[in-house]
Amino acid sequence: MRFFSRAVSLCTAVLVSACGGEGLPEQDDALVQQEAAASSVAMDGCIYSISAYPQPGVTPPVYDIRLFRQPIPTCVHGPGSVTLGTSVVYEPTRSVAGNALGLAASYTRRGSVSGSAPITLHLHHVDPATLTVVRTTSLGVYLGAGNIVSENVAIAGDGTTVTVSGTKTGVIWGESGSGSRYTASYPHFFTSTTSPTVMAFP
C-alpha cells in the first residue's frame with residue numbers, strides 16, 4: 001500500500017507525539033519546514049517520511065537526509081529514524097516508496113562545498129522494521145560533467161523492480177538514448193545488487 005500525504009508529513013515534523021508517538025528531538029524552524037515538504041509512504045500501519053534539513057549552526061549549510069518512522073494506532077513498530085546521508089550547500093530532492101519487501105528511499109546530494117562538485121543520485125534499501133540500511137547504490141553523470149537534478153522513486157507493478165526517474169544534465173554512465181530526462185530501473189532491487197538499466201529521454 002502506498003500513498004503520499006503532506007498533512008501526515010507535517011504532523012511528523014511538528015511533533016511526533018501529536019500523532020500518538022514520542023516527541024522528536026527539538027530542532028530549529030527549518031526542520032518543521034523541511035518535514036512539511038517530505039515525501040511519505042504508509043505501510044503496515046506505520047508512516048515513513050524522508051526529509052532534509054540543515055544542521056544547526058553549520059555554515060555553509062550541510063543538510064542531513066533522514067528517514068523517519070511514525071507509528072499510528074495499527075503500527076507494529078515504535079517511532080524511529082535513520083540518517084541516510086548528507087548534502088553540502090545543495091538542498092536535496094528526496095522520495096520514498098515501500099512494499100512487503102522493504103523501503104526504497106532516494107535523494108540527490110552534493111558532496112562538496114565546491115560549486116563544480118556534481119549532484120548525484122543515491123538510493124537505499126531500508127528494512128522498515130529495524131530501519132537498517134540493507135543496500136546503497138548511486139548514479140552520477142559521466143566524469144562528473146553534469147548533475148542529477150531531480151528524482152522520484154517508485155516500485156513497479158511486479159513488486160520487485162524499483163525505478164527512479166527525474167531530470168539531469170549530461171550523460172549518466174551506461175545510459176541508452178539521450179535527453180534531459182532519465183529512468184533508472186533496478187530489477188529485483190530488494191533481493192539482489194543487479195545494476196540498473198538507465199534510459200534517457202528528451
# chains A, B, ... in the order shown; residues from 1 in each chain; ligands from 1
>>> residues_around(residues="stretch 62-67 of chain A", least_positions_apart="4", cutoff="9 Å", atoms="only C-alpha atoms", output="JSON, numbers by chain")
{"A": [48, 49, 50, 51, 52, 53, 54, 55, 56, 58, 80, 81, 82, 83, 84, 85, 86, 87, 88, 89, 90, 91, 92, 94, 96, 105, 107, 109, 131]}
>>> write_last_selection(atoms="C-alpha atoms", output="CSV table (one decimal), in the first residue's frame")
chain,number,residue,atom,x,y,z
A,48,TYR,CA,7.6,6.6,6.8
A,49,SER,CA,8.8,10.0,5.6
A,50,ILE,CA,12.1,11.2,4.2
A,51,SER,CA,13.3,14.7,4.9
A,52,ALA,CA,16.3,17.0,4.6
A,53,TYR,CA,17.1,19.9,6.9
A,54,PRO,CA,20.2,21.9,7.7
A,55,GLN,CA,22.4,21.0,10.6
A,56,PRO,CA,22.1,23.8,13.2
A,58,VAL,CA,26.7,25.0,10.3
A,80,GLY,CA,12.5,5.8,14.9
A,81,SER,CA,14.7,7.4,12.4
A,82,VAL,CA,17.9,6.8,10.4
A,83,THR,CA,20.3,9.3,8.7
A,84,LEU,CA,20.8,8.2,5.2
A,85,GLY,CA,23.4,10.8,4.1
A,86,THR,CA,24.3,14.5,3.9
A,87,SER,CA,24.4,17.1,1.2
A,88,VAL,CA,26.7,20.2,1.3
A,89,VAL,CA,25.1,23.5,0.4
A,90,TYR,CA,22.6,21.9,-2.0
A,91,GLU,CA,19.2,21.1,-0.6
A,92,PRO,CA,18.4,17.6,-1.9
A,94,ARG,CA,14.0,13.1,-1.9
A,96,VAL,CA,10.4,7.1,-0.6
A,105,ALA,CA,14.5,5.8,-0.4
A,107,TYR,CA,17.6,11.6,-2.9
A,109,ARG,CA,23.1,15.3,-3.0
A,131,LEU,CA,15.5,1.0,9.9
>>> residues_around(residues="A:Ser116", least_positions_apart="2", cutoff="12 Å", atoms="only C-alpha atoms", output="list in words")
Val89, Tyr90, Arg110, Gly111, Ser112, Val113, Ser114, Pro118, Ile119, Leu143, Gly144, Ala145, Gly146 and Asn147 of chain A
>>> write_last_selection(atoms="C-alpha atoms", output="JSON list (two decimals), in the first residue's frame")
[["chain", "number", "residue", "atom", "x", "y", "z"],
["A", 89, "VAL", "CA", 25.10, 23.55, 0.35],
["A", 90, "TYR", "CA", 22.61, 21.90, -2.02],
["A", 110, "ARG", "CA", 26.25, 17.33, -3.42],
["A", 111, "GLY", "CA", 29.28, 16.02, -1.57],
["A", 112, "SER", "CA", 31.44, 19.15, -1.51],
["A", 113, "VAL", "CA", 31.18, 22.88, -0.96],
["A", 114, "SER", "CA", 32.72, 23.39, -4.39],
["A", 118, "PRO", "CA", 28.41, 17.19, -9.18],
["A", 119, "ILE", "CA", 24.95, 16.45, -7.79],
["A", 143, "LEU", "CA", 33.09, 12.14, -15.32],
["A", 144, "GLY", "CA", 31.05, 14.45, -13.09],
["A", 145, "ALA", "CA", 30.32, 16.68, -16.09],
["A", 146, "GLY", "CA", 26.72, 17.37, -15.10],
["A", 147, "ASN", "CA", 24.12, 16.78, -12.41]]
>>> residues_around(residues="A:Leu123", least_positions_apart="5", cutoff="10 Å", atoms="only C-alpha atoms", output="PyMOL selection string")
chain A and resi 84+94-96+104-108+135-139+151+153+162+164
>>> closest_atom_pairs(of="stretch 112-184 of chain A", to="stretch 41-44 of chain A", cutoff="12 Å", atoms="only C-alpha atoms", output="tab-separated table")
residue	atom	partner	partner_atom	distance
A:Pro128	CA	A:Met43	CA	8.9
A:Ala129	CA	A:Asp44	CA	10.1
A:Val153	CA	A:Val41	CA	11.4
A:Ala154	CA	A:Val41	CA	10.9
A:Ile155	CA	A:Val41	CA	11.9
>>> write_last_selection(atoms="N, CA and C atoms", output="short mmCIF file (atom, residue, chain, number, x, y, z; two decimals), in the first residue's frame")
data_model
loop_
_atom_site.label_atom_id
_atom_site.label_comp_id
_atom_site.auth_asym_id
_atom_site.auth_seq_id
_atom_site.Cartn_x
_atom_site.Cartn_y
_atom_site.Cartn_z
N PRO A 128 12.11 -1.83 6.96
CA PRO A 128 11.12 -0.99 7.67
C PRO A 128 11.00 -1.31 9.15
N ALA A 129 11.35 -2.53 9.56
CA ALA A 129 11.22 -2.90 10.97
C ALA A 129 12.38 -2.37 11.81
N VAL A 153 11.23 8.09 -6.73
CA VAL A 153 11.34 6.64 -6.66
C VAL A 153 9.95 6.01 -6.69
N ALA A 154 9.86 4.83 -7.31
CA ALA A 154 8.60 4.10 -7.39
C ALA A 154 8.91 2.61 -7.47
N ILE A 155 7.91 1.81 -7.13
CA ILE A 155 8.04 0.36 -7.25
C ILE A 155 7.11 -0.08 -8.37
#
>>> select_by_dssp(residues="stretch 86-176 of chain A", states="strand (DSSP E)", output="ChimeraX atom specification")
/A:86-88,94-99,102-110,119-126,133-139,152-155,162-167,176
>>> closest_residue(among="A:Gly166, A:Gly45, A:Pro187, A:Gly98", to="A:Asn152", atoms="only C-alpha atoms")
A:Gly166
>>> atom_distance(atom1="atom CA of A:His125", atom2="atom CA of A:Phe190")
6.6 Å
>>> atom_distance(atom1="atom CA of A:Thr183", atom2="atom CA of A:Ala200")
6.6 Å
>>> atom_distance(atom1="atom CA of A:Ala184", atom2="atom CA of A:Pro196")
5.8 Å
>>> select_by_dssp(residues="chain A", states="helix (DSSP H, G or I)", output="JSON, numbers by chain")
{"A": [6, 7, 8, 9, 10, 11, 12, 13, 14, 16, 17, 18, 19, 29, 30, 31, 32, 33, 34, 35, 36, 142, 143, 144]}
>>> write_last_selection(atoms="N, CA and C atoms", output="PDB file, in the first residue's frame")
ATOM      1  N   ARG A   6       1.057  15.241   2.486  1.00  0.00           N
ATOM      2  CA  ARG A   6       1.754  16.359   3.109  1.00  0.00           C
ATOM      3  C   ARG A   6       1.275  16.575   4.540  1.00  0.00           C
ATOM      4  N   ALA A   7      -0.016  16.336   4.784  1.00  0.00           N
ATOM      5  CA  ALA A   7      -0.537  16.550   6.132  1.00  0.00           C
ATOM      6  C   ALA A   7       0.107  15.599   7.110  1.00  0.00           C
ATOM      7  N   VAL A   8       0.298  14.353   6.714  1.00  0.00           N
ATOM      8  CA  VAL A   8       0.948  13.386   7.586  1.00  0.00           C
ATOM      9  C   VAL A   8       2.390  13.776   7.843  1.00  0.00           C
ATOM     10  N   SER A   9       3.081  14.231   6.783  1.00  0.00           N
ATOM     11  CA  SER A   9       4.464  14.649   6.944  1.00  0.00           C
ATOM     12  C   SER A   9       4.570  15.815   7.907  1.00  0.00           C
ATOM     13  N   LEU A  10       3.665  16.765   7.793  1.00  0.00           N
ATOM     14  CA  LEU A  10       3.694  17.919   8.679  1.00  0.00           C
ATOM     15  C   LEU A  10       3.479  17.491  10.110  1.00  0.00           C
ATOM     16  N   CYS A  11       2.586  16.528  10.323  1.00  0.00           N
ATOM     17  CA  CYS A  11       2.347  16.024  11.663  1.00  0.00           C
ATOM     18  C   CYS A  11       3.615  15.405  12.219  1.00  0.00           C
ATOM     19  N   THR A  12       4.311  14.645  11.399  1.00  0.00           N
ATOM     20  CA  THR A  12       5.566  14.037  11.833  1.00  0.00           C
ATOM     21  C   THR A  12       6.586  15.094  12.185  1.00  0.00           C
ATOM     22  N   ALA A  13       6.624  16.166  11.387  1.00  0.00           N
ATOM     23  CA  ALA A  13       7.633  17.185  11.575  1.00  0.00           C
ATOM     24  C   ALA A  13       7.406  18.008  12.826  1.00  0.00           C
ATOM     25  N   VAL A  14       6.178  18.428  13.034  1.00  0.00           N
ATOM     26  CA  VAL A  14       5.916  19.361  14.117  1.00  0.00           C
ATOM     27  C   VAL A  14       6.050  18.686  15.467  1.00  0.00           C
ATOM     28  N   VAL A  16       5.918  14.474  16.889  1.00  0.00           N
ATOM     29  CA  VAL A  16       5.514  13.093  16.700  1.00  0.00           C
ATOM     30  C   VAL A  16       4.479  12.689  17.729  1.00  0.00           C
ATOM     31  N   SER A  17       4.583  13.221  18.933  1.00  0.00           N
ATOM     32  CA  SER A  17       3.637  12.844  19.971  1.00  0.00           C
ATOM     33  C   SER A  17       2.211  13.249  19.630  1.00  0.00           C
ATOM     34  N   ALA A  18       2.075  14.277  18.787  1.00  0.00           N
ATOM     35  CA  ALA A  18       0.730  14.686  18.390  1.00  0.00           C
ATOM     36  C   ALA A  18       0.043  13.621  17.555  1.00  0.00           C
ATOM     37  N   CYS A  19       0.838  12.720  16.987  1.00  0.00           N
ATOM     38  CA  CYS A  19       0.280  11.636  16.187  1.00  0.00           C
ATOM     39  C   CYS A  19       0.218  10.348  16.992  1.00  0.00           C
ATOM     40  N   ASP A  29      13.345  25.958  13.243  1.00  0.00           N
ATOM     41  CA  ASP A  29      12.181  26.027  12.367  1.00  0.00           C
ATOM     42  C   ASP A  29      12.415  25.361  11.021  1.00  0.00           C
ATOM     43  N   ALA A  30      13.684  25.283  10.597  1.00  0.00           N
ATOM     44  CA  ALA A  30      13.981  24.679   9.297  1.00  0.00           C
ATOM     45  C   ALA A  30      13.529  23.228   9.247  1.00  0.00           C
ATOM     46  N   LEU A  31      13.632  22.525  10.385  1.00  0.00           N
ATOM     47  CA  LEU A  31      13.206  21.126  10.426  1.00  0.00           C
ATOM     48  C   LEU A  31      11.711  21.021  10.128  1.00  0.00           C
ATOM     49  N   VAL A  32      10.927  21.878  10.746  1.00  0.00           N
ATOM     50  CA  VAL A  32       9.484  21.853  10.524  1.00  0.00           C
ATOM     51  C   VAL A  32       9.172  22.120   9.059  1.00  0.00           C
ATOM     52  N   GLN A  33       9.837  23.115   8.477  1.00  0.00           N
ATOM     53  CA  GLN A  33       9.577  23.468   7.091  1.00  0.00           C
ATOM     54  C   GLN A  33       9.975  22.338   6.155  1.00  0.00           C
ATOM     55  N   GLN A  34      11.124  21.714   6.421  1.00  0.00           N
ATOM     56  CA  GLN A  34      11.576  20.634   5.554  1.00  0.00           C
ATOM     57  C   GLN A  34      10.677  19.414   5.687  1.00  0.00           C
ATOM     58  N   GLU A  35      10.277  19.089   6.909  1.00  0.00           N
ATOM     59  CA  GLU A  35       9.423  17.926   7.122  1.00  0.00           C
ATOM     60  C   GLU A  35       8.075  18.092   6.421  1.00  0.00           C
ATOM     61  N   ALA A  36       7.572  19.330   6.387  1.00  0.00           N
ATOM     62  CA  ALA A  36       6.287  19.562   5.754  1.00  0.00           C
ATOM     63  C   ALA A  36       6.323  19.231   4.272  1.00  0.00           C
ATOM     64  N   TYR A 142      28.511  11.016 -16.170  1.00  0.00           N
ATOM     65  CA  TYR A 142      29.840  10.564 -16.577  1.00  0.00           C
ATOM     66  C   TYR A 142      30.895  11.647 -16.352  1.00  0.00           C
ATOM     67  N   LEU A 143      31.968  11.268 -15.645  1.00  0.00           N
ATOM     68  CA  LEU A 143      33.090  12.143 -15.322  1.00  0.00           C
ATOM     69  C   LEU A 143      32.683  13.366 -14.506  1.00  0.00           C
ATOM     70  N   GLY A 144      31.505  13.327 -13.907  1.00  0.00           N
ATOM     71  CA  GLY A 144      31.051  14.454 -13.093  1.00  0.00           C
ATOM     72  C   GLY A 144      30.724  15.694 -13.893  1.00  0.00           C
TER      73      GLY A 144
END
>>> closest_residue(among="A:Pro71, A:Thr161, A:Val141, A:His122", to="A:Thr194", atoms="only C-alpha atoms")
A:Thr161
>>> closest_residue(among="A:Ala117, A:Val133, A:Val198, A:Val126", to="A:Asn99", atoms="only C-alpha atoms")
A:Val126
